[in-house]
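K.L.:
A single structure is presented below for examination.
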Protein chains: 2
Amino acid sequence: MTLASEEGFLQFIDRFFSRESSHLLVGRGDDCAVIACQEDLCLTSDLFLEDVHFRRSYFSAADIGYKALAVNISDIAAMGAKPLGFTLNLMIPEGLTESFWSDFFHGMSRLATEHGLVLAGGDLSRSSLLGIDVAMWGQSRGRYLQRQRCQPGDLLFLIGEIGLARVGLSVLEGGADPEAFPQAVSAHLRPPLHCGPAEALGRNDRVKGLMDVSDGLARDLPRFLGVGRGASLSFEPGTIHEEVSRFCQERGFSSQEFAFLGGEDYALLGAAPKEAWKEVLAAAPGARHIGMVTEEPGILLSGRPVSEQGFDHFG
Amino acid sequence: MTLASEEGFLQFIDRFFSRESSHLLVGRGDDCAVIACQEDLCLTSDLFLEDVHFRRSYFSAADIGYKALAVNISDIAAMGAKPLGFTLNLMIPEGLTESFWSDFFHGMSRLATEHGLVLAGGDLSRSSLLGIDVAMWGQSRGRYLQRQRCQPGDLLFLIGEIGLARVGLSVLEGGADPEAFPQAVSAHLRPPLHCGPAEALGRNDRVKGLMDVSDGLARDLPRFLGVGRGASLSFEPGTIHEEVSRFCQERGFSSQEFAFLGGEDYALLGAAPKEAWKEVLAAAPGARHIGMVTEEPGILLSGRPVSEQGFDHFG
């Protein structure tokens with residue numbers, strides 16, 4: 001078997017991913033996969049490109065495989081849905097070894113197995129850069145939780161850290177000793193996912209909405225609120241991770257503003273009426289209240305206006 | 001509005017593609033699209049990369065937009081299904097003008113409109129190369145037509161040309177005057193699609209299978225037959241396009257072998273029992289009988305064994 005041919009590469013992939021799944025009527029190896037589907041489903045797709053979304057100098061092959069899949073799982077979770085399967089398009093540069101691909105597919109397949117995901121098909125192509133393109137589908141047993149459904153007075157809450165992955169990125173790009181910021185580094189390389197709480201929130205009718213905070217709260221909160229809504233935020237002690245606080249303190253940054261800008265955290269941002277807060281906590285025990293939706297547009301952080309400048313992969 | 005920001009680019013896309021569709025419960029602008037779906041559906045995804053699948057020197061921006069979508073439509077058609085919608089991930093290099101993107105999205109949106117496809121979401125990223133990644137879903141009102149379902153004695157048939165797009169590629173790469181091979185050039189830049197006949201075949205229970213011949217008959221026919229089956233082919237007069245015959249004659253090639261190798265044609269290869277041939281023709285009036293499935297593995301072309309070497313994007 002050789003990775004130099006398309007057939008060889010496909011056989012190699014078969015070592016890591018089963019072709020069988022109760023979610024599929026037709027699996028890999030045909031013109032399309034056929035998804036067994038009697039209910040509405042949700043679909044997302046994301047690019048994960050070398051030197052844009054990751055660097056090979058500090059992402060292991062397994063980290064790349066993990067994160068390329070994780071960012072899509074997070075989009076499905078943000079709808080209150082359960083991820084079910086995915087297609088994988090690989091852009092393959094010359095010179096990567098079988099050992100690299102073995103580690104890559106181990107990283108990806110472990111995460112896929114953990115979430116019960118089937119690899120349904122995809123495409124392989126030579127390319128000048130390493131790139132991974134995943135399309136993923138999922139289903140909700142409750143509702144699909146959308147953006148722009150919250151109302152003034154609703155509580156805003158977070159599941160997961162903000163700012164931590166940005167500290168990780170800064171550290172990995174040479175800004176500090178990685179050993180001093182292990183959780184930040186891990187948050188950037190292998191963002192934690194929040195599928196269980198997200199699905200539980202999807203089953204609660206009182207939850208207003210949920211969103212994946214991948215570009216940072218500063219950019220994503222306005223998208224979540226929609227036009228004509230604002231928010232008043234206040235991060236209570238414990239909201240900001242100790243590694244974020246320490247990183248900012250050492251540099252004279254405001255840790256609140258740094259966490260607000262964030263980026264790449266894949267935390268979930270949600271909204272619910274005050275009366276439903278206990279139900280939110282029951283569904284998502286790690287949820288932290290970070291503020292309230294307001295009638296006035298604009299965002300206040302501890303009472304001060306903050307600008308909407310987050311992390312922008314595109315700019 | 002500026003294409004330099006992600007929001008600006010997304011607003012630009014809104015000029016070309018509606019957000020509304022009866023196929024969607026949630027459209028662009030959320031973490032996922034939500035597909036209205038009470039039946040099984042099929043899913044495919046394909047890469048379309050600069051200098052691998054196309055060159056900007058002879059593909060217009062509109063051709064790139066057209067073909068990136070067309071290759072996915074062809075995969076859906078090859079299941080006997082109707083394409084319904086797609087996600088679009090764009091890898092965007094520096095320096096492309098608004099005029100380029102306007103032409104690109106015109107080429108893509110005209111084809112999408114023609115087939116009633118909704119753009120459901122996607123991802124934008126800066127990149128060193130231009131790349132388009134589409135994931136597309138569809139549904140069959142009949143069966144999903146698979147590969148490897150044919151039996152010895154079944155007729156093999158083709159819808160669409162073989163070899164023509166390869167002549168077009170050779171011509172465009174400098175091998176001849178494009179004006180002397182207009183249909184070959186067009187077949188490479190804008191491969192014709194066969195959705196109507198494909199859907200009609202999907203509704204006929206006697207049709208055994210259908211497949212997209214994107215890598216050439218030589219490589220795709222064995223994939224269609226499966227292990228332990230062969231085929232005896234014979235191309236009747238009229239099977240090979242006049243431009244293919246002329247191109248080959250001028251160069252001393254065997255036009256039969258050239259057409260067999262082919263590549264990038266996006267013709268459809270099907271199988272049906274002899275008794276169903278009239279029904280095949282009723283569903284797909286342009287279908288041409290090209291041979292028969294045999295019990296002996298291996299492929300004969302006009303009685304002579306032929307090797308399985310087609311067009312390989314990967315190698």
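All residue names refer to the structure tokens as shown: chains lettered A, B, ... in order, residues numbered from 1 in each chain, ligands numbered from 1 in order.
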Could you build a table of the residues in chain A lying no more than 8 Å from chain B, giving for each the nearest pair of atoms and their separation in Å rounded to one decimal place, using only C-alpha atoms, ordered by chain and ascending residue number, as a Markdown table?

P.N.:
| residue | atom | partner | partner_atom | distance |
| --- | --- | --- | --- | --- |
| A:Ala4 | CA | B:Gly315 | CA | 6.6 |
| A:Ser5 | CA | B:Gly315 | CA | 5.8 |
| A:Glu6 | CA | B:Phe314 | CA | 5.8 |
| A:Asp30 | CA | B:Arg147 | CA | 6.3 |
| A:Asp31 | CA | B:Asp75 | CA | 5.2 |
| A:Cys32 | CA | B:Thr44 | CA | 4.8 |
| A:Ala33 | CA | B:Leu43 | CA | 5.3 |
| A:Val34 | CA | B:Cys42 | CA | 4.2 |
| A:Ile35 | CA | B:Leu41 | CA | 5.3 |
| A:Ala36 | CA | B:Asp40 | CA | 4.8 |
| A:Cys37 | CA | B:Asp40 | CA | 4.5 |
| A:Gln38 | CA | B:Gln38 | CA | 4.5 |
| A:Glu39 | CA | B:Gln38 | CA | 5.1 |
| A:Asp40 | CA | B:Cys37 | CA | 4.5 |
| A:Leu41 | CA | B:Ile35 | CA | 5.4 |
| A:Cys42 | CA | B:Val34 | CA | 4.2 |
| A:Leu43 | CA | B:Ala33 | CA | 5.3 |
| A:Thr44 | CA | B:Cys32 | CA | 4.8 |
| A:Ser45 | CA | B:Gly122 | CA | 5.6 |
| A:Asp46 | CA | B:Asp123 | CA | 5.6 |
| A:Leu47 | CA | B:Asp123 | CA | 6.6 |
| A:Leu49 | CA | B:Ser127 | CA | 7.7 |
| A:Val52 | CA | B:Arg126 | CA | 7.1 |
| A:Asp75 | CA | B:Asp31 | CA | 5.2 |
| A:Ile76 | CA | B:Cys32 | CA | 6.6 |
| A:Ala78 | CA | B:Asp31 | CA | 6.4 |
| A:Met79 | CA | B:Asp31 | CA | 6.7 |
| A:Thr87 | CA | B:Ser45 | CA | 6.9 |
| A:Leu88 | CA | B:Ser45 | CA | 7.9 |
| A:Asn89 | CA | B:Leu47 | CA | 6.7 |
| A:Gly121 | CA | B:Thr44 | CA | 7.1 |
| A:Gly122 | CA | B:Ser45 | CA | 5.6 |
| A:Asp123 | CA | B:Asp46 | CA | 5.6 |
| A:Leu124 | CA | B:Phe314 | CA | 6.8 |
| A:Ser125 | CA | B:Phe314 | CA | 5.2 |
| A:Arg126 | CA | B:Phe314 | CA | 5.5 |
| A:Ser127 | CA | B:Val52 | CA | 7.1 |
| A:Asp133 | CA | B:Asp133 | CA | 7.5 |
| A:Ala135 | CA | B:Ala135 | CA | 6.6 |
| A:Tyr144 | CA | B:Val34 | CA | 7.8 |
| A:Gln146 | CA | B:Asp30 | CA | 6.6 |
| A:Arg147 | CA | B:Asp30 | CA | 6.3 |
| A:Met211 | CA | B:Asp31 | CA | 6.6 |
| A:Asp212 | CA | B:Asp31 | CA | 6.8 |
| A:His313 | CA | B:Ser125 | CA | 6.4 |
| A:Phe314 | CA | B:Ser125 | CA | 5.2 |
| A:Gly315 | CA | B:Ser5 | CA | 5.8 |

K.L.:
The coordinates of chain A, once least-squares superposed on chain B over all sequentially paired C-alpha atoms, should be supplied as a tab-separated table (two decimals) with C-alpha atoms, in the first residue's frame.

P.N.:
chain	number	residue	atom	x	y	z
A	1	MET	CA	-19.03	47.93	1.15
A	2	THR	CA	-15.62	46.37	0.85
A	3	LEU	CA	-14.40	42.88	0.00
A	4	ALA	CA	-11.51	43.39	2.44
A	5	SER	CA	-13.66	42.43	5.42
A	6	GLU	CA	-15.49	39.20	6.08
A	7	GLU	CA	-18.80	41.02	6.67
A	8	GLY	CA	-18.34	42.94	3.42
A	9	PHE	CA	-17.68	39.77	1.48
A	10	LEU	CA	-20.75	38.10	2.98
A	11	GLN	CA	-22.90	41.08	2.01
A	12	PHE	CA	-21.46	40.88	-1.50
A	13	ILE	CA	-22.48	37.20	-1.70
A	14	ASP	CA	-26.03	38.21	-0.68
A	15	ARG	CA	-26.32	40.10	-3.97
A	16	PHE	CA	-26.09	36.84	-5.89
A	17	PHE	CA	-27.76	34.24	-3.70
A	18	SER	CA	-31.08	34.34	-1.92
A	19	ARG	CA	-31.11	33.33	1.74
A	20	GLU	CA	-34.63	31.92	1.49
A	21	SER	CA	-35.60	28.46	0.36
A	22	SER	CA	-38.34	25.97	1.03
A	23	HIS	CA	-35.53	23.46	1.65
A	24	LEU	CA	-34.17	25.40	4.63
A	25	LEU	CA	-35.52	26.14	8.09
A	26	VAL	CA	-32.42	28.17	8.97
A	27	GLY	CA	-30.31	29.71	6.23
A	28	ARG	CA	-27.02	31.57	6.04
A	29	GLY	CA	-25.86	33.57	9.05
A	30	ASP	CA	-26.11	31.07	11.88
A	31	ASP	CA	-23.70	28.42	13.20
A	32	CYS	CA	-25.33	25.83	10.91
A	33	ALA	CA	-27.98	25.72	8.24
A	34	VAL	CA	-31.03	23.64	9.13
A	35	ILE	CA	-32.32	21.50	6.27
A	36	ALA	CA	-36.04	20.70	6.09
A	37	CYS	CA	-35.85	16.97	5.63
A	38	GLN	CA	-38.41	14.20	6.06
A	39	GLU	CA	-36.61	11.72	3.82
A	40	ASP	CA	-33.17	10.26	3.32
A	41	LEU	CA	-30.82	12.59	1.51
A	42	CYS	CA	-27.49	12.32	-0.22
A	43	LEU	CA	-24.38	14.39	0.45
A	44	THR	CA	-21.19	15.01	-1.50
A	45	SER	CA	-18.26	17.40	-1.27
A	46	ASP	CA	-15.50	18.34	-3.70
A	47	LEU	CA	-12.40	20.48	-3.83
A	48	PHE	CA	-11.77	22.76	-6.80
A	49	LEU	CA	-8.25	24.16	-6.54
A	50	GLU	CA	-6.22	26.53	-8.63
A	51	ASP	CA	-3.44	24.85	-10.66
A	52	VAL	CA	-4.80	21.42	-9.73
A	53	HIS	CA	-8.34	21.51	-11.11
A	54	PHE	CA	-8.25	24.77	-13.03
A	55	ARG	CA	-5.91	27.50	-14.25
A	56	ARG	CA	-6.78	31.16	-14.10
A	57	SER	CA	-4.96	31.67	-17.41
A	58	TYR	CA	-7.80	30.08	-19.38
A	59	PHE	CA	-10.70	29.68	-16.94
A	60	SER	CA	-12.69	32.88	-16.68
A	61	ALA	CA	-13.89	33.77	-13.19
A	62	ALA	CA	-17.39	32.78	-14.30
A	63	ASP	CA	-16.11	29.41	-15.56
A	64	ILE	CA	-14.47	28.75	-12.17
A	65	GLY	CA	-17.70	29.58	-10.34
A	66	TYR	CA	-19.68	27.39	-12.73
A	67	LYS	CA	-17.43	24.34	-12.64
A	68	ALA	CA	-16.85	24.35	-8.86
A	69	LEU	CA	-20.59	23.90	-8.48
A	70	ALA	CA	-21.11	21.68	-11.53
A	71	VAL	CA	-18.80	18.89	-10.35
A	72	ASN	CA	-20.91	18.52	-7.21
A	73	ILE	CA	-24.20	18.63	-9.11
A	74	SER	CA	-22.87	15.80	-11.24
A	75	ASP	CA	-22.19	13.68	-8.12
A	76	ILE	CA	-25.77	14.19	-6.94
A	77	ALA	CA	-27.15	13.38	-10.41
A	78	ALA	CA	-25.06	10.19	-10.43
A	79	MET	CA	-27.14	8.95	-7.47
A	80	GLY	CA	-30.34	9.48	-9.48
A	81	ALA	CA	-31.10	12.39	-7.15
A	82	LYS	CA	-32.03	16.04	-7.48
A	83	PRO	CA	-29.56	18.58	-6.02
A	84	LEU	CA	-31.17	20.94	-3.48
A	85	GLY	CA	-28.54	23.12	-1.85
A	86	PHE	CA	-24.90	23.60	-0.95
A	87	THR	CA	-22.39	25.16	1.38
A	88	LEU	CA	-19.47	27.14	-0.04
A	89	ASN	CA	-16.02	27.42	1.53
A	90	LEU	CA	-13.81	29.91	-0.25
A	91	MET	CA	-10.03	30.16	-0.06
A	92	ILE	CA	-9.29	33.73	-1.08
A	93	PRO	CA	-5.85	34.91	-2.20
A	94	GLU	CA	-4.83	38.56	-2.17
A	95	GLY	CA	-5.32	40.69	-5.24
A	96	LEU	CA	-8.55	39.45	-6.80
A	97	THR	CA	-10.78	42.34	-7.80
A	98	GLU	CA	-14.45	42.97	-7.11
A	99	SER	CA	-14.97	42.44	-10.85
A	100	PHE	CA	-13.41	38.97	-10.56
A	101	TRP	CA	-15.71	38.02	-7.69
A	102	SER	CA	-18.73	39.48	-9.41
A	103	ASP	CA	-18.08	37.29	-12.46
A	104	PHE	CA	-17.30	34.28	-10.26
A	105	PHE	CA	-20.58	34.56	-8.36
A	106	HIS	CA	-22.52	35.25	-11.57
A	107	GLY	CA	-21.17	32.02	-13.05
A	108	MET	CA	-22.03	30.10	-9.91
A	109	SER	CA	-25.39	31.68	-9.16
A	110	ARG	CA	-26.73	31.23	-12.69
A	111	LEU	CA	-26.09	27.51	-12.46
A	112	ALA	CA	-27.52	27.43	-8.93
A	113	THR	CA	-30.67	29.22	-10.11
A	114	GLU	CA	-31.04	26.90	-13.09
A	115	HIS	CA	-31.10	23.92	-10.72
A	116	GLY	CA	-33.03	25.62	-7.91
A	117	LEU	CA	-30.14	25.34	-5.44
A	118	VAL	CA	-29.93	27.36	-2.24
A	119	LEU	CA	-26.60	28.53	-0.80
A	120	ALA	CA	-26.95	27.46	2.84
A	121	GLY	CA	-23.71	28.69	4.42
A	122	GLY	CA	-19.98	28.18	4.41
A	123	ASP	CA	-16.69	29.68	5.39
A	124	LEU	CA	-14.29	32.31	4.07
A	125	SER	CA	-10.56	32.31	4.58
A	126	ARG	CA	-7.50	34.07	3.29
A	127	SER	CA	-5.20	31.65	1.50
A	128	SER	CA	-2.14	31.59	-0.72
A	129	LEU	CA	-4.16	29.94	-3.49
A	130	LEU	CA	-7.67	30.25	-4.87
A	131	GLY	CA	-9.75	27.27	-3.84
A	132	ILE	CA	-13.42	26.44	-3.76
A	133	ASP	CA	-14.88	23.76	-1.59
A	134	VAL	CA	-18.52	22.86	-2.03
A	135	ALA	CA	-20.61	20.40	-0.02
A	136	MET	CA	-23.98	19.66	-1.66
A	137	TRP	CA	-27.04	17.70	-0.68
A	138	GLY	CA	-29.89	16.29	-2.75
A	139	GLN	CA	-32.81	13.92	-2.64
A	140	SER	CA	-34.14	11.15	-4.84
A	141	ARG	CA	-37.84	10.70	-5.52
A	142	GLY	CA	-37.05	7.15	-6.50
A	143	ARG	CA	-34.02	5.13	-5.49
A	144	TYR	CA	-30.44	6.16	-4.90
A	145	LEU	CA	-28.50	4.61	-7.77
A	146	GLN	CA	-25.29	3.03	-6.52
A	147	ARG	CA	-22.16	1.55	-7.97
A	148	GLN	CA	-21.38	-2.18	-7.95
A	149	ARG	CA	-24.96	-3.33	-8.37
A	150	CYS	CA	-24.72	-4.58	-11.98
A	151	GLN	CA	-24.61	-8.21	-13.07
A	152	PRO	CA	-23.13	-10.13	-16.01
A	153	GLY	CA	-25.27	-9.58	-19.07
A	154	ASP	CA	-26.38	-6.07	-18.06
A	155	LEU	CA	-26.02	-3.39	-20.68
A	156	LEU	CA	-23.62	-0.53	-19.95
A	157	PHE	CA	-24.65	2.88	-21.19
A	158	LEU	CA	-23.31	6.43	-21.25
A	159	ILE	CA	-25.02	9.80	-21.03
A	160	GLY	CA	-22.71	12.54	-22.25
A	161	GLU	CA	-19.39	12.57	-24.08
A	162	ILE	CA	-16.15	10.82	-23.18
A	163	GLY	CA	-12.73	12.11	-24.15
A	164	LEU	CA	-14.09	15.50	-25.19
A	165	ALA	CA	-13.05	17.35	-22.01
A	166	ARG	CA	-9.58	15.80	-22.26
A	167	VAL	CA	-9.22	17.16	-25.77
A	168	GLY	CA	-10.36	20.49	-24.34
A	169	LEU	CA	-7.71	20.35	-21.63
A	170	SER	CA	-4.96	19.49	-24.13
A	171	VAL	CA	-6.05	22.33	-26.39
A	172	LEU	CA	-6.23	24.85	-23.54
A	173	GLU	CA	-2.82	23.77	-22.28
A	174	GLY	CA	-1.42	24.82	-25.67
A	175	GLY	CA	-1.84	21.66	-27.72
A	176	ALA	CA	-3.95	23.14	-30.51
A	177	ASP	CA	-5.98	26.16	-31.62
A	178	PRO	CA	-8.98	26.48	-29.27
A	179	GLU	CA	-11.13	27.81	-32.12
A	180	ALA	CA	-10.73	24.50	-33.94
A	181	PHE	CA	-12.12	22.58	-30.95
A	182	PRO	CA	-14.87	24.77	-29.49
A	183	GLN	CA	-16.99	22.00	-28.01
A	184	ALA	CA	-14.00	20.29	-26.43
A	185	VAL	CA	-12.93	23.57	-24.82
A	186	SER	CA	-16.46	24.14	-23.58
A	187	ALA	CA	-16.66	20.57	-22.23
A	188	HIS	CA	-13.59	21.21	-20.11
A	189	LEU	CA	-14.54	24.68	-18.87
A	190	ARG	CA	-18.26	24.09	-18.42
A	191	PRO	CA	-19.05	20.38	-18.39
A	192	PRO	CA	-22.67	19.75	-19.38
A	193	LEU	CA	-24.87	18.19	-16.70
A	194	HIS	CA	-27.44	15.44	-17.02
A	195	CYS	CA	-29.78	15.95	-14.07
A	196	GLY	CA	-33.12	15.39	-15.78
A	197	PRO	CA	-32.21	11.99	-17.29
A	198	ALA	CA	-30.45	10.99	-14.06
A	199	GLU	CA	-33.52	11.71	-11.92
A	200	ALA	CA	-35.73	9.84	-14.39
A	201	LEU	CA	-33.41	6.82	-14.20
A	202	GLY	CA	-33.61	6.97	-10.38
A	203	ARG	CA	-37.37	6.52	-10.67
A	204	ASN	CA	-37.01	3.35	-12.77
A	205	ASP	CA	-36.63	0.22	-10.66
A	206	ARG	CA	-34.94	-1.72	-13.44
A	207	VAL	CA	-31.91	0.56	-13.68
A	208	LYS	CA	-29.08	-1.15	-11.80
A	209	GLY	CA	-26.77	1.76	-11.11
A	210	LEU	CA	-25.33	5.07	-12.20
A	211	MET	CA	-21.95	6.76	-11.73
A	212	ASP	CA	-20.23	10.04	-12.48
A	213	VAL	CA	-17.33	9.42	-14.91
A	214	SER	CA	-15.09	12.22	-13.65
A	215	ASP	CA	-11.76	10.37	-13.73
A	216	GLY	CA	-12.27	8.75	-17.13
A	217	LEU	CA	-13.97	5.49	-18.06
A	218	ALA	CA	-10.68	3.57	-17.70
A	219	ARG	CA	-10.47	4.36	-13.97
A	220	ASP	CA	-14.16	4.72	-13.18
A	221	LEU	CA	-15.55	1.65	-14.97
A	222	PRO	CA	-13.75	-0.81	-12.63
A	223	ARG	CA	-15.11	1.17	-9.66
A	224	PHE	CA	-18.59	0.87	-11.14
A	225	LEU	CA	-18.33	-2.85	-11.84
A	226	GLY	CA	-16.79	-3.85	-8.50
A	227	VAL	CA	-14.55	-6.82	-7.76
A	228	GLY	CA	-15.12	-9.97	-9.82
A	229	ARG	CA	-16.82	-8.31	-12.76
A	230	GLY	CA	-15.52	-7.21	-16.13
A	231	ALA	CA	-16.87	-5.51	-19.21
A	232	SER	CA	-16.76	-5.85	-22.96
A	233	LEU	CA	-16.99	-2.44	-24.61
A	234	SER	CA	-17.54	-1.44	-28.18
A	235	PHE	CA	-18.01	2.17	-29.20
A	236	GLU	CA	-20.42	2.33	-32.13
A	237	PRO	CA	-20.07	5.06	-34.76
A	238	GLY	CA	-21.31	8.28	-33.22
A	239	THR	CA	-20.19	7.36	-29.69
A	240	ILE	CA	-17.01	9.36	-30.07
A	241	HIS	CA	-17.40	13.08	-30.69
A	242	GLU	CA	-16.14	14.44	-34.01
A	243	GLU	CA	-13.67	16.79	-32.24
A	244	VAL	CA	-12.17	13.83	-30.35
A	245	SER	CA	-11.84	11.82	-33.56
A	246	ARG	CA	-10.25	14.72	-35.42
A	247	PHE	CA	-7.86	15.58	-32.54
A	248	CYS	CA	-6.73	11.95	-32.33
A	249	GLN	CA	-6.47	11.45	-36.09
A	250	GLU	CA	-4.20	14.51	-36.44
A	251	ARG	CA	-1.89	13.02	-33.80
A	252	GLY	CA	-2.01	9.35	-34.74
A	253	PHE	CA	-3.76	8.38	-31.49
A	254	SER	CA	-6.44	5.73	-31.23
A	255	SER	CA	-9.61	7.73	-30.64
A	256	GLN	CA	-11.24	4.73	-28.97
A	257	GLU	CA	-8.43	4.43	-26.43
A	258	PHE	CA	-8.30	8.22	-25.94
A	259	ALA	CA	-12.04	8.33	-25.25
A	260	PHE	CA	-11.71	5.35	-22.92
A	261	LEU	CA	-9.00	7.14	-20.91
A	262	GLY	CA	-10.87	10.45	-20.98
A	263	GLY	CA	-11.13	12.40	-17.73
A	264	GLU	CA	-13.15	15.40	-16.49
A	265	ASP	CA	-16.11	14.60	-18.71
A	266	TYR	CA	-18.75	14.24	-15.98
A	267	ALA	CA	-20.63	11.87	-18.25
A	268	LEU	CA	-22.87	9.36	-16.47
A	269	LEU	CA	-22.22	5.63	-16.73
A	270	GLY	CA	-25.16	3.33	-16.08
A	271	ALA	CA	-26.21	-0.30	-16.19
A	272	ALA	CA	-29.55	-1.96	-16.87
A	273	PRO	CA	-30.74	-5.36	-18.07
A	274	LYS	CA	-31.18	-5.67	-21.84
A	275	GLU	CA	-34.95	-5.90	-21.49
A	276	ALA	CA	-35.00	-2.42	-19.92
A	277	TRP	CA	-33.12	-0.68	-22.73
A	278	LYS	CA	-36.23	1.01	-24.13
A	279	GLU	CA	-37.06	2.31	-20.66
A	280	VAL	CA	-33.52	3.65	-20.30
A	281	LEU	CA	-33.90	5.48	-23.61
A	282	ALA	CA	-37.28	6.84	-22.55
A	283	ALA	CA	-35.75	8.24	-19.34
A	284	ALA	CA	-32.49	9.35	-20.94
A	285	PRO	CA	-32.99	9.91	-24.68
A	286	GLY	CA	-29.30	10.67	-25.21
A	287	ALA	CA	-28.07	7.43	-23.63
A	288	ARG	CA	-25.73	5.34	-25.79
A	289	HIS	CA	-25.12	1.65	-25.35
A	290	ILE	CA	-21.35	1.09	-24.97
A	291	GLY	CA	-21.05	-2.55	-23.93
A	292	MET	CA	-21.97	-5.28	-21.51
A	293	VAL	CA	-21.01	-6.50	-18.04
A	294	THR	CA	-19.09	-9.79	-18.14
A	295	GLU	CA	-18.33	-12.50	-15.60
A	296	GLU	CA	-14.63	-12.39	-16.41
A	297	PRO	CA	-12.77	-9.56	-14.70
A	298	GLY	CA	-10.89	-7.19	-16.98
A	299	ILE	CA	-12.06	-4.85	-19.68
A	300	LEU	CA	-12.13	-5.49	-23.41
A	301	LEU	CA	-12.43	-2.63	-25.87
A	302	SER	CA	-13.44	-3.86	-29.33
A	303	GLY	CA	-12.28	-7.28	-28.19
A	304	ARG	CA	-8.80	-6.16	-27.01
A	305	PRO	CA	-7.80	-5.89	-23.32
A	306	VAL	CA	-7.28	-2.31	-22.18
A	307	SER	CA	-5.40	-1.09	-19.13
A	308	GLU	CA	-6.92	0.92	-16.34
A	309	GLN	CA	-5.03	4.17	-16.59
A	310	GLY	CA	-7.14	7.30	-16.59
A	311	PHE	CA	-6.92	10.78	-15.38
A	312	ASP	CA	-5.58	11.10	-11.82
A	313	HIS	CA	-5.84	14.46	-10.04
A	314	PHE	CA	-4.17	12.97	-7.06
A	315	GLY	CA	-1.07	11.37	-8.61

K.L.:
For the strand (DSSP E) assignment from backbone DSSP, which residues of segment 6-156 of chain A qualify? Please present them as a PyMOL selection string.

P.N.:
chain A and resi 24-26+33-35+41-49+82-92+118-126+131-139+155-156

K.L.:
In segment 91-128 of chain A, what's helix (DSSP H, G or I) per DSSP? Answer as JSON, numbers by chain?

P.N.:
{"A": [98, 99, 100, 101, 102, 103, 104, 105, 106, 107, 108, 109, 110, 111, 112, 113, 114]}
